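Data file: coords-v1.json. Format and content: JSON, C-alpha atoms and all ligand atoms.
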[["chain", "number", "residue", "atom", "x", "y", "z"],
["J", 1, "MET", "CA", 3.73, 9.56, 13.49],
["J", 2, "ASP", "CA", 6.80, 9.18, 11.31],
["J", 3, "VAL", "CA", 6.96, 12.12, 8.87],
["J", 4, "ARG", "CA", 8.81, 11.97, 5.53],
["J", 5, "PHE", "CA", 9.17, 15.06, 3.40],
["J", 6, "ALA", "CA", 8.91, 14.81, -0.35],
["J", 7, "THR", "CA", 12.07, 14.22, -2.39],
["J", 8, "ASN", "CA", 13.08, 14.96, -5.96],
["J", 9, "PRO", "CA", 14.88, 12.84, -8.53],
["J", 10, "ASP", "CA", 17.86, 15.19, -8.95],
["J", 11, "ASP", "CA", 18.75, 14.71, -5.27],
["J", 12, "ALA", "CA", 17.66, 11.09, -5.01],
["J", 13, "ARG", "CA", 20.22, 9.98, -7.60],
["J", 14, "HIS", "CA", 22.96, 10.84, -5.07],
["J", 15, "TYR", "CA", 21.48, 8.84, -2.17],
["J", 16, "GLY", "CA", 23.39, 5.85, -0.84],
["J", 17, "THR", "CA", 21.78, 2.72, 0.57],
["J", 18, "ASP", "CA", 20.98, 4.11, 4.03],
["J", 19, "GLU", "CA", 19.45, 7.33, 2.75],
["J", 20, "LEU", "CA", 17.37, 5.52, 0.13],
["J", 21, "ARG", "CA", 16.03, 3.21, 2.85],
["J", 22, "ARG", "CA", 15.40, 6.04, 5.33],
["J", 23, "ARG", "CA", 13.37, 7.99, 2.79],
["J", 24, "TYR", "CA", 11.48, 5.33, 0.85],
["J", 25, "LEU", "CA", 11.36, 2.10, 2.88],
["J", 26, "VAL", "CA", 8.83, 1.80, 5.71],
["J", 27, "GLN", "CA", 9.72, -0.88, 8.27],
["J", 28, "GLY", "CA", 8.33, -2.01, 11.62],
["J", 29, "MET", "CA", 4.70, -1.16, 10.86],
["J", 30, "PHE", "CA", 3.38, -4.51, 12.11],
["J", 31, "THR", "CA", 4.32, -4.56, 15.79],
["J", 32, "PRO", "CA", 2.06, -6.52, 18.15],
["J", 33, "GLY", "CA", -0.16, -4.23, 20.22],
["J", 34, "GLU", "CA", 0.71, -1.13, 18.20],
["J", 35, "LEU", "CA", -0.66, 1.18, 15.51],
["J", 36, "ARG", "CA", 2.18, 2.79, 13.57],
["J", 37, "LEU", "CA", 1.69, 5.45, 10.92],
["J", 38, "THR", "CA", 3.99, 7.15, 8.41],
["J", 39, "TYR", "CA", 2.97, 10.48, 6.88],
["J", 40, "SER", "CA", 4.58, 11.04, 3.49],
["J", 41, "HIS", "CA", 4.49, 14.45, 1.84],
["J", 42, "GLN", "CA", 4.42, 12.61, -1.52],
["J", 43, "ASP", "CA", 0.76, 13.34, -2.31],
["J", 44, "ARG", "CA", 0.27, 13.46, 1.51],
["J", 45, "VAL", "CA", -0.42, 9.76, 1.80],
["J", 46, "VAL", "CA", -0.43, 8.10, 5.21],
["J", 47, "LEU", "CA", 0.45, 4.42, 5.45],
["J", 48, "GLY", "CA", 0.69, 2.20, 8.47],
["J", 49, "GLY", "CA", 0.11, -1.06, 10.24],
["J", 50, "ALA", "CA", -1.96, -2.14, 13.21],
["J", 51, "VAL", "CA", -1.71, -5.41, 15.12],
["J", 52, "PRO", "CA", -4.38, -5.25, 17.85],
["J", 53, "LEU", "CA", -4.02, -7.71, 20.74],
["J", 54, "ALA", "CA", -6.60, -7.93, 23.58],
["J", 55, "GLU", "CA", -7.33, -4.18, 23.47],
["J", 56, "PRO", "CA", -8.60, -2.38, 20.37],
["J", 57, "LEU", "CA", -6.30, 0.18, 18.74],
["J", 58, "ARG", "CA", -7.85, 3.55, 17.89],
["J", 59, "LEU", "CA", -6.96, 6.19, 15.35],
["J", 60, "GLY", "CA", -6.54, 9.48, 17.16],
["J", 61, "ALA", "CA", -5.69, 13.09, 16.32],
["J", 62, "TYR", "CA", -2.16, 13.61, 15.04],
["J", 63, "ASP", "CA", -0.17, 16.80, 15.14],
["J", 64, "PRO", "CA", 1.10, 16.64, 11.51],
["J", 65, "LEU", "CA", -2.58, 16.67, 10.38],
["J", 66, "ARG", "CA", -3.79, 19.40, 12.81],
["J", 67, "THR", "CA", -7.35, 18.10, 12.59],
["J", 68, "ALA", "CA", -9.66, 17.09, 15.45],
["J", 69, "TYR", "CA", -9.67, 13.45, 14.30],
["J", 70, "PHE", "CA", -7.81, 11.37, 11.75],
["J", 71, "ALA", "CA", -10.40, 11.21, 8.93],
["J", 72, "GLU", "CA", -11.72, 14.76, 9.28],
["J", 73, "ARG", "CA", -10.13, 15.67, 5.92],
["J", 74, "ARG", "CA", -9.10, 12.19, 4.75],
["J", 75, "GLU", "CA", -10.36, 8.91, 3.42],
["J", 76, "LEU", "CA", -8.90, 5.59, 4.52],
["J", 77, "ALA", "CA", -8.78, 1.94, 3.53],
["J", 78, "VAL", "CA", -7.83, -0.96, 5.81],
["J", 79, "PHE", "CA", -6.62, -4.20, 4.22],
["J", 80, "CYS", "CA", -6.19, -7.36, 6.28],
["J", 81, "THR", "CA", -2.87, -9.04, 5.40],
["J", 82, "GLY", "CA", -3.43, -11.92, 7.86],
["J", 83, "GLY", "CA", -5.48, -13.03, 10.85],
["J", 84, "ARG", "CA", -9.04, -11.82, 11.41],
["J", 85, "GLY", "CA", -10.12, -8.49, 12.75],
["J", 86, "THR", "CA", -12.90, -5.97, 13.11],
["J", 87, "VAL", "CA", -12.86, -2.34, 12.04],
["J", 88, "THR", "CA", -15.44, -0.30, 13.97],
["J", 89, "ALA", "CA", -16.28, 3.00, 12.27],
["J", 90, "ASP", "CA", -18.73, 5.31, 14.06],
["J", 91, "GLY", "CA", -20.50, 2.24, 15.48],
["J", 92, "ALA", "CA", -20.63, 0.18, 12.27],
["J", 93, "GLU", "CA", -18.63, -3.05, 12.47],
["J", 94, "PHE", "CA", -16.77, -4.54, 9.53],
["J", 95, "ASP", "CA", -15.29, -8.01, 10.02],
["J", 96, "LEU", "CA", -12.21, -8.62, 7.91],
["J", 97, "GLY", "CA", -10.67, -11.97, 7.06],
["J", 98, "PRO", "CA", -7.37, -12.33, 5.19],
["J", 99, "ARG", "CA", -7.35, -10.14, 2.05],
["J", 100, "ASP", "CA", -10.60, -8.34, 2.84],
["J", 101, "LEU", "CA", -10.66, -4.52, 2.80],
["J", 102, "VAL", "CA", -12.88, -1.81, 4.19],
["J", 103, "TYR", "CA", -13.06, 1.70, 2.71],
["J", 104, "LEU", "CA", -13.98, 4.52, 5.12],
["J", 105, "GLY", "CA", -14.92, 7.94, 3.83],
["J", 106, "MET", "CA", -13.99, 11.42, 4.97],
["J", 107, "GLY", "CA", -15.74, 12.41, 8.18],
["J", 108, "THR", "CA", -15.55, 9.03, 9.94],
["J", 109, "ARG", "CA", -14.85, 10.10, 13.53],
["J", 110, "GLU", "CA", -14.28, 7.01, 15.64],
["J", 111, "ILE", "CA", -12.16, 4.27, 14.10],
["J", 112, "ALA", "CA", -11.16, 1.28, 16.22],
["J", 113, "LEU", "CA", -9.29, -1.84, 15.13],
["J", 114, "SER", "CA", -9.49, -5.14, 16.97],
["J", 115, "SER", "CA", -8.44, -8.76, 16.49],
["J", 116, "ALA", "CA", -10.75, -11.77, 16.61],
["J", 117, "ASP", "CA", -8.04, -13.86, 18.30],
["J", 118, "PRO", "CA", -5.19, -12.10, 20.13],
["J", 119, "ALA", "CA", -3.16, -15.33, 19.80],
["J", 120, "ASP", "CA", -3.31, -14.90, 15.99],
["J", 121, "PRO", "CA", -3.85, -11.14, 15.71],
["J", 122, "ALA", "CA", -5.06, -9.33, 12.63],
["J", 123, "ARG", "CA", -2.24, -7.66, 10.68],
["J", 124, "LEU", "CA", -4.05, -4.64, 9.29],
["J", 125, "TYR", "CA", -2.53, -2.34, 6.67],
["J", 126, "LEU", "CA", -3.83, 1.23, 6.53],
["J", 127, "PHE", "CA", -3.59, 3.65, 3.61],
["J", 128, "SER", "CA", -5.09, 7.14, 3.66],
["J", 129, "THR", "CA", -5.18, 10.12, 1.35],
["J", 130, "PRO", "CA", -6.59, 13.66, 1.57],
["J", 131, "ALA", "CA", -10.28, 13.86, 0.61],
["J", 132, "HIS", "CA", -12.79, 16.58, -0.22],
["J", 133, "GLN", "CA", -16.06, 14.65, -0.17],
["J", 134, "ALA", "CA", -17.64, 11.95, 2.00],
["J", 135, "HIS", "CA", -18.18, 8.62, 0.26],
["J", 136, "PRO", "CA", -19.95, 5.70, 1.99],
["J", 137, "ALA", "CA", -18.06, 2.99, 3.85],
["J", 138, "VAL", "CA", -17.81, -0.26, 1.87],
["J", 139, "LEU", "CA", -16.59, -3.70, 2.89],
["J", 140, "VAL", "CA", -14.89, -5.50, 0.00],
["J", 141, "ARG", "CA", -14.20, -9.18, 0.41],
["J", 142, "GLU", "CA", -11.56, -10.87, -1.72],
["J", 143, "SER", "CA", -14.30, -13.10, -3.20],
["J", 144, "ASP", "CA", -16.15, -9.97, -4.43],
["J", 145, "VAL", "CA", -13.22, -8.92, -6.60],
["J", 146, "GLU", "CA", -12.53, -10.45, -9.98],
["J", 147, "GLY", "CA", -8.86, -11.24, -10.53],
["J", 148, "VAL", "CA", -7.01, -10.10, -13.65],
["J", 149, "GLU", "CA", -4.46, -12.69, -14.79],
["J", 150, "LEU", "CA", -1.14, -11.16, -15.90],
["J", 151, "GLY", "CA", 2.27, -12.41, -17.03],
["J", 152, "SER", "CA", 3.61, -15.70, -18.32],
["J", 153, "PRO", "CA", 5.65, -18.60, -16.89],
["J", 154, "ASP", "CA", 8.48, -17.88, -19.35],
["J", 155, "ASN", "CA", 8.86, -14.42, -17.83],
["J", 156, "ALA", "CA", 8.47, -15.69, -14.23],
["J", 157, "ASN", "CA", 5.76, -13.05, -13.70],
["J", 158, "VAL", "CA", 2.47, -14.97, -13.54],
["J", 159, "ARG", "CA", 0.29, -13.00, -11.14],
["J", 160, "THR", "CA", -3.30, -12.14, -10.27],
["J", 161, "LEU", "CA", -4.16, -8.48, -9.80],
["J", 162, "ARG", "CA", -7.29, -7.48, -7.85],
["J", 163, "LYS", "CA", -8.60, -3.92, -7.85],
["J", 164, "TYR", "CA", -10.61, -3.28, -4.67],
["J", 165, "VAL", "CA", -10.96, 0.51, -4.84],
["J", 166, "ASP", "CA", -10.58, 2.03, -8.30],
["J", 167, "GLY", "CA", -13.78, 4.01, -8.85],
["J", 168, "THR", "CA", -15.74, 1.22, -10.52],
["J", 169, "THR", "CA", -17.60, -0.46, -7.65],
["J", 170, "VAL", "CA", -16.16, 1.47, -4.71],
["J", 171, "ARG", "CA", -16.08, 5.23, -5.13],
["J", 172, "SER", "CA", -13.38, 7.28, -3.39],
["J", 173, "CYS", "CA", -12.00, 10.79, -3.85],
["J", 174, "GLN", "CA", -8.51, 9.80, -4.95],
["J", 175, "LEU", "CA", -7.54, 6.63, -3.09],
["J", 176, "MET", "CA", -7.00, 3.56, -5.30],
["J", 177, "MET", "CA", -6.03, 0.23, -3.83],
["J", 178, "GLY", "CA", -5.79, -3.47, -4.49],
["J", 179, "TYR", "CA", -3.38, -6.34, -4.23],
["J", 180, "THR", "CA", -1.43, -8.59, -6.54],
["J", 181, "ALA", "CA", -0.40, -12.19, -5.79],
["J", 182, "LEU", "CA", 2.50, -13.89, -7.59],
["J", 183, "ALA", "CA", 2.02, -17.55, -8.55],
["J", 184, "PRO", "CA", 4.44, -20.17, -7.20],
["J", 185, "GLY", "CA", 7.58, -20.08, -9.34],
["J", 186, "SER", "CA", 6.95, -16.48, -10.45],
["J", 187, "VAL", "CA", 9.00, -13.70, -8.92],
["J", 188, "TRP", "CA", 8.67, -10.53, -11.04],
["J", 189, "ASN", "CA", 6.10, -7.83, -10.43],
["J", 190, "THR", "CA", 5.28, -4.93, -12.70],
["J", 191, "MET", "CA", 7.71, -5.78, -15.49],
["J", 192, "PRO", "CA", 7.77, -4.14, -18.06],
["J", 193, "ALA", "CA", 8.03, -1.31, -15.56],
["J", 194, "HIS", "CA", 6.09, 1.95, -15.59],
["J", 195, "THR", "CA", 5.85, 5.34, -13.99],
["J", 196, "HIS", "CA", 2.81, 7.57, -13.56],
["J", 197, "VAL", "CA", 3.96, 11.11, -12.93],
["J", 198, "ARG", "CA", 0.42, 11.99, -11.88],
["J", 199, "ARG", "CA", 0.37, 9.65, -8.86],
["J", 200, "THR", "CA", 2.38, 8.45, -5.88],
["J", 201, "GLU", "CA", 2.18, 4.72, -5.26],
["J", 202, "CYS", "CA", 3.09, 2.58, -2.26],
["J", 203, "TYR", "CA", 3.74, -1.15, -2.32],
["J", 204, "LEU", "CA", 3.40, -3.21, 0.85],
["J", 205, "TYR", "CA", 5.08, -6.57, 0.30],
["J", 206, "PHE", "CA", 3.66, -9.52, 2.27],
["J", 207, "ASP", "CA", 3.45, -13.33, 2.22],
["J", 208, "LEU", "CA", 7.28, -13.51, 2.11],
["J", 209, "GLY", "CA", 9.08, -16.19, 4.14],
["J", 210, "PRO", "CA", 11.48, -14.99, 6.86],
["J", 211, "ASP", "CA", 14.52, -15.57, 4.63],
["J", 212, "ASP", "CA", 12.93, -14.27, 1.44],
["J", 213, "ARG", "CA", 13.42, -10.75, 0.08],
["J", 214, "VAL", "CA", 12.18, -8.65, -2.81],
["J", 215, "LEU", "CA", 14.72, -6.60, -4.73],
["J", 216, "HIS", "CA", 12.51, -3.59, -5.38],
["J", 217, "LEU", "CA", 13.52, -1.40, -8.31],
["J", 218, "MET", "CA", 12.98, 2.32, -7.96],
["J", 219, "GLY", "CA", 14.28, 5.62, -9.31],
["J", 220, "ARG", "CA", 14.08, 7.18, -12.72],
["J", 221, "PRO", "CA", 14.00, 4.34, -15.25],
["J", 222, "GLU", "CA", 17.24, 5.52, -16.86],
["J", 223, "GLU", "CA", 19.00, 5.52, -13.49],
["J", 224, "SER", "CA", 17.59, 2.66, -11.40],
["J", 225, "ARG", "CA", 18.25, 1.98, -7.74],
["J", 226, "HIS", "CA", 17.18, -0.96, -5.61],
["J", 227, "LEU", "CA", 15.93, -1.63, -2.10],
["J", 228, "VAL", "CA", 16.16, -5.05, -0.43],
["J", 229, "VAL", "CA", 12.72, -5.50, 1.15],
["J", 230, "ALA", "CA", 11.54, -8.06, 3.73],
["J", 231, "ASP", "CA", 8.05, -9.29, 4.66],
["J", 232, "ARG", "CA", 5.50, -6.58, 5.57],
["J", 233, "GLU", "CA", 7.74, -3.70, 4.61],
["J", 234, "ALA", "CA", 6.49, -0.95, 2.28],
["J", 235, "VAL", "CA", 8.10, 1.24, -0.37],
["J", 236, "ILE", "CA", 6.96, 4.79, -1.16],
["J", 237, "SER", "CA", 7.31, 5.52, -4.90],
["J", 238, "PRO", "CA", 7.28, 9.24, -5.69],
["J", 239, "SER", "CA", 5.58, 10.14, -8.95],
["J", 240, "TRP", "CA", 8.90, 10.11, -10.84],
["J", 241, "SER", "CA", 9.94, 6.66, -9.64],
["J", 242, "MET", "CA", 9.33, 3.39, -11.39],
["J", 243, "HIS", "CA", 8.25, 0.54, -9.09],
["J", 244, "SER", "CA", 8.92, -3.07, -9.93],
["J", 245, "GLY", "CA", 10.74, -5.93, -8.32],
["J", 246, "ALA", "CA", 11.84, -9.53, -8.23],
["J", 247, "GLY", "CA", 11.68, -11.82, -5.21],
["J", 248, "THR", "CA", 13.68, -14.81, -4.03],
["J", 249, "ALA", "CA", 10.30, -16.65, -4.09],
["J", 250, "ASN", "CA", 6.71, -15.70, -4.90],
["J", 251, "TYR", "CA", 4.95, -13.14, -2.66],
["J", 252, "SER", "CA", 2.04, -10.71, -2.64],
["J", 253, "PHE", "CA", 1.83, -6.94, -2.41],
["J", 254, "VAL", "CA", -0.82, -4.33, -1.68],
["J", 255, "TRP", "CA", -0.56, -1.39, -4.06],
["J", 256, "ALA", "CA", -2.18, 1.92, -3.24],
["J", 257, "MET", "CA", -2.14, 5.24, -5.05],
["J", 258, "ALA", "CA", -3.18, 8.86, -4.84],
["J", 259, "GLY", "CA", -2.62, 11.92, -6.95],
["J", 260, "GLU", "CA", -3.70, 14.03, -9.85],
["J", 261, "ASN", "CA", -6.07, 11.80, -11.78],
["J", 262, "TYR", "CA", -8.36, 8.88, -10.97],
["J", 263, "ASP", "CA", -7.52, 6.38, -13.65],
["J", 264, "PHE", "CA", -5.82, 3.11, -12.76],
["J", 265, "ALA", "CA", -4.78, 2.53, -16.38],
["J", 266, "ASP", "CA", -2.94, 5.84, -16.68],
["J", 267, "MET", "CA", 0.66, 4.59, -16.79],
["J", 268, "ASP", "CA", 3.74, 5.48, -18.79],
["J", 269, "HIS", "CA", 5.29, 2.19, -19.78],
["J", 270, "VAL", "CA", 9.07, 2.02, -19.89],
["J", 271, "ALA", "CA", 10.64, 0.34, -22.89],
["J", 272, "MET", "CA", 13.29, -2.24, -21.98],
["J", 273, "ASP", "CA", 16.06, -0.27, -23.69],
["J", 274, "GLU", "CA", 15.28, 2.80, -21.56],
["J", 275, "LEU", "CA", 16.11, 0.94, -18.33],
["J", 276, "ARG", "CA", 19.56, 1.44, -16.91],
["J", 301, "LIG", "O1", -0.02, 1.38, -11.05],
["J", 301, "LIG", "C1", -0.33, 0.17, -10.83],
["J", 301, "LIG", "C2", 0.54, -0.65, -9.99],
["J", 301, "LIG", "O2", 1.89, -0.35, -10.13],
["J", 301, "LIG", "C3", 0.24, -2.12, -9.81],
["J", 301, "LIG", "O3", -1.13, -2.35, -9.89],
["J", 301, "LIG", "C4", 0.98, -3.05, -10.74],
["J", 301, "LIG", "C5", 0.82, -4.49, -10.35],
["J", 301, "LIG", "O4", 0.19, -4.80, -9.38],
["J", 301, "LIG", "C6", 1.47, -5.51, -11.18],
["J", 301, "LIG", "O5", 1.82, -5.24, -12.34],
["J", 301, "LIG", "O6", 1.65, -6.62, -10.68],
["J", 302, "ZN", "ZN", 2.16, 1.83, -10.71]]

What is this file in C-alpha cells?
Ligand SMILES: O=C[C@H](O)[C@@H](O)CC(=O)C(=O)O
Ligand SMILES: [Zn+2]
Amino acid sequence: MDVRFATNPDDARHYGTDELRRRYLVQGMFTPGELRLTYSHQDRVVLGGAVPLAEPLRLGAYDPLRTAYFAERRELAVFCTGGRGTVTADGAEFDLGPRDLVYLGMGTREIALSSADPADPARLYLFSTPAHQAHPAVLVRESDVEGVELGSPDNANVRTLRKYVDGTTVRSCQLMMGYTALAPGSVWNTMPAHTHVRRTECYLYFDLGPDDRVLHLMGRPEESRHLVVADREAVISPSWSMHSGAGTANYSFVWAMAGENYDFADMDHVAMDELR
C-alpha cells in the first residue's frame, strides 16, 4: 500500500513538478493481474485499481489500517471503468459492466474482484473512506442514474454529470462518488473552478487516448499549479485545492469525495478574477 501523508498549501506552493506529482498524482493503478492501493492521509481516503485476470483479486488486511480486514472500519465503492467484472462481497455477487458501481458498507469481510473475460479484463477503480455505521450494499448501474447536463459548446465544457452515491438513493457515511463524461469537442471540466474546504476530492481520469492528456489545475486558486495527467491516472485534491482541467480531447473522470459534511452542492466557487 502506497502511503501519502497530508500536505498543506504553504508548503505545496514551493513544490516543483516532481514533488507535485509524487504527492498528488497516482499512477500505475491499473496493472494487469494486480490490485494496487494508495492510502492518503487527506481525509484518510484510499484509492486504487484492480485488473483481475484468470484469478480473482482479494482485498486483504493492510498494515497502515491495522484492522483485521479492509472494510472493518471503512466503506468502499467499486466503479468499473472498462471491461466486465464481478465483485463478490461476503458471498453476494455484483456483476459490473462499464460505468456500473457497487457500494459496500462497513463490516464487509470478504471482498473479491474478478473479470468476466481475462482477455478483456475489468478495470475496476476503488475508493474507500472511514465509516462509523454499516449501510447496505447497493449495485448502481449507469442506466439507473439520471445525468445532469452542464456547460455549453461556446465554453468547450459540455458534459454529463452522474451522481451514483450522494445520499439521495444510495446512503453512505461520508463517501460520495459519481462520474462526468465530456462531450466530443468539449475539453474543460469544472470551470468555473471551486474548492470545498470541508472535503477532499479525487479525480480519476479515463477514456483518454494514449496520446491525450489532461492539464489538471490544482493549488490555491490564487496560486495555481498544473499536473499533466494520462489515461487512468488519479489526482488527490486536498481540501484547499481547486480541481479543474482541460484535455487535448474529450474524456471522462470519476470524482469521489469524503470529509466534514455530506452535501454534494457545498462548494465555494472561484470567480475568474481570483484565479492566478
Ligand atoms: O465537487 C464536485 C466535483 O468537483 C465534480 O462533481 C465536478 C464535475 O464533475 C464537473 O463539474 O464536471
Ligand atoms: Zn469538487

Take the point (8.5, -14.1, -12.2) as written in the file and pick out every residue within 12 Å of it, counting all atoms listed in the file; give the list as number ranges by chain. J: 150-159, 181-192, 214, 244-251

Report as a VMD selection string all protein, DNA and RNA residues lying within 8 Å of Leu35 (chain J), evaluated on only C-alpha atoms, omitting residues in the same chain fewer than 5 positions from it. chain J and resid 29 to 30 48 to 52 57 to 58

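A distance search around ligand ZN 302 (chain J) (10 Å at most, all atoms listed in the file) returns the following protein and nucleic acid residues: Thr190, Ala193, His194, Thr195, His196, Val197, Arg199, Thr200, Glu201, Cys202, Tyr203, Ser237, Ser239, Ser241, Met242, His243, Ser244, Trp255, Ala256, Met257, Phe264, Ala265, Asp266, Met267, Asp268 and His269 of chain J.
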
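Between CA of Leu126 (chain J) and CA of Leu175 (chain J) the interatomic distance comes to 11.6 Å.
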
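CA of Gly178 (chain J) to CA of Gly105 (chain J) spans 16.8 Å [interatomic distance, one decimal].
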
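Pairwise distance (CA of Asn8 (chain J), CA of Tyr62 (chain J)) equals 26.0 Å.
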
Using all atoms of region 165-178 of chain J listed in the file and a margin of 6 Å per side, can you give the axis-aligned box centre and edge lengths in Å to one decimal, as lines of an AutoDock Vina configuration file?
center_x = -11.7
center_y = 3.7
center_z = -6.8
size_x = 23.8
size_y = 26.3
size_z = 19.4

Residues within 8 Å of Ser172 (chain J), please, as a ChimeraX atom specification. Count only C-alpha atoms; anything in the same chain fewer than 5 positions from it doesn't count. /J:75,105,135,165-167

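Shortest separation to Ala258 (chain J) among J:Ala54, J:Ala134, J:Leu47, J:Ala230 occurs at residue J:Leu47, atoms counted being all atoms listed in the file.
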
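Here the question is which of J:Asp144, J:Glu34, J:Asp18, J:Glu149 gets nearest to Ala122 (chain J) using only C-alpha atoms, and that residue is J:Glu34.
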
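The residues that lie within 8 Å of the point (-15.5, 4.4, 11.8), counting all atoms listed in the file, are Val87, Thr88, Ala89, Asp90, Gly91, Ala92, Leu104, Thr108, Arg109, Glu110, Ile111 and Ala112 of chain J.
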
Leaving out Phe206 (chain J) and any residue of its chain fewer than 2 positions from it, which residues lie within 12 Å of it when counting all atoms listed in the file, given as a count of residues only? 37

Let me make sure I understand: among J:Asp207, J:Asp263, J:Glu222, J:Asp120, which one has the smallest atom-to-atom distance to ligand LIG 301 (chain J) if we use only C-alpha atoms and all ligand atoms? J:Asp263

Do a neighbour search on Glu55 (chain J) at 9 Å with only C-alpha atoms, toss out local chain neighbours closer than 3 positions, and write the hits as a PyMOL selection string. chain J and resi 33+52+113-115+118

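When all atoms listed in the file are used to compute distances to ligand LIG 301 (chain J), the closest of the residues J:Val46, J:Ile236, J:Val78, J:Val228 turns out to be J:Ile236.
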
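Closest approach to Thr7 (chain J) among J:Trp240, J:Tyr262, J:Tyr103, J:Tyr205: J:Trp240, based on all atoms listed in the file.
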
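Using all atoms listed in the file, the shortest contact distance between Asp2 (chain J) and any of J:Glu19, J:Asp100, J:Asp63, J:Glu142 is found at J:Asp63.
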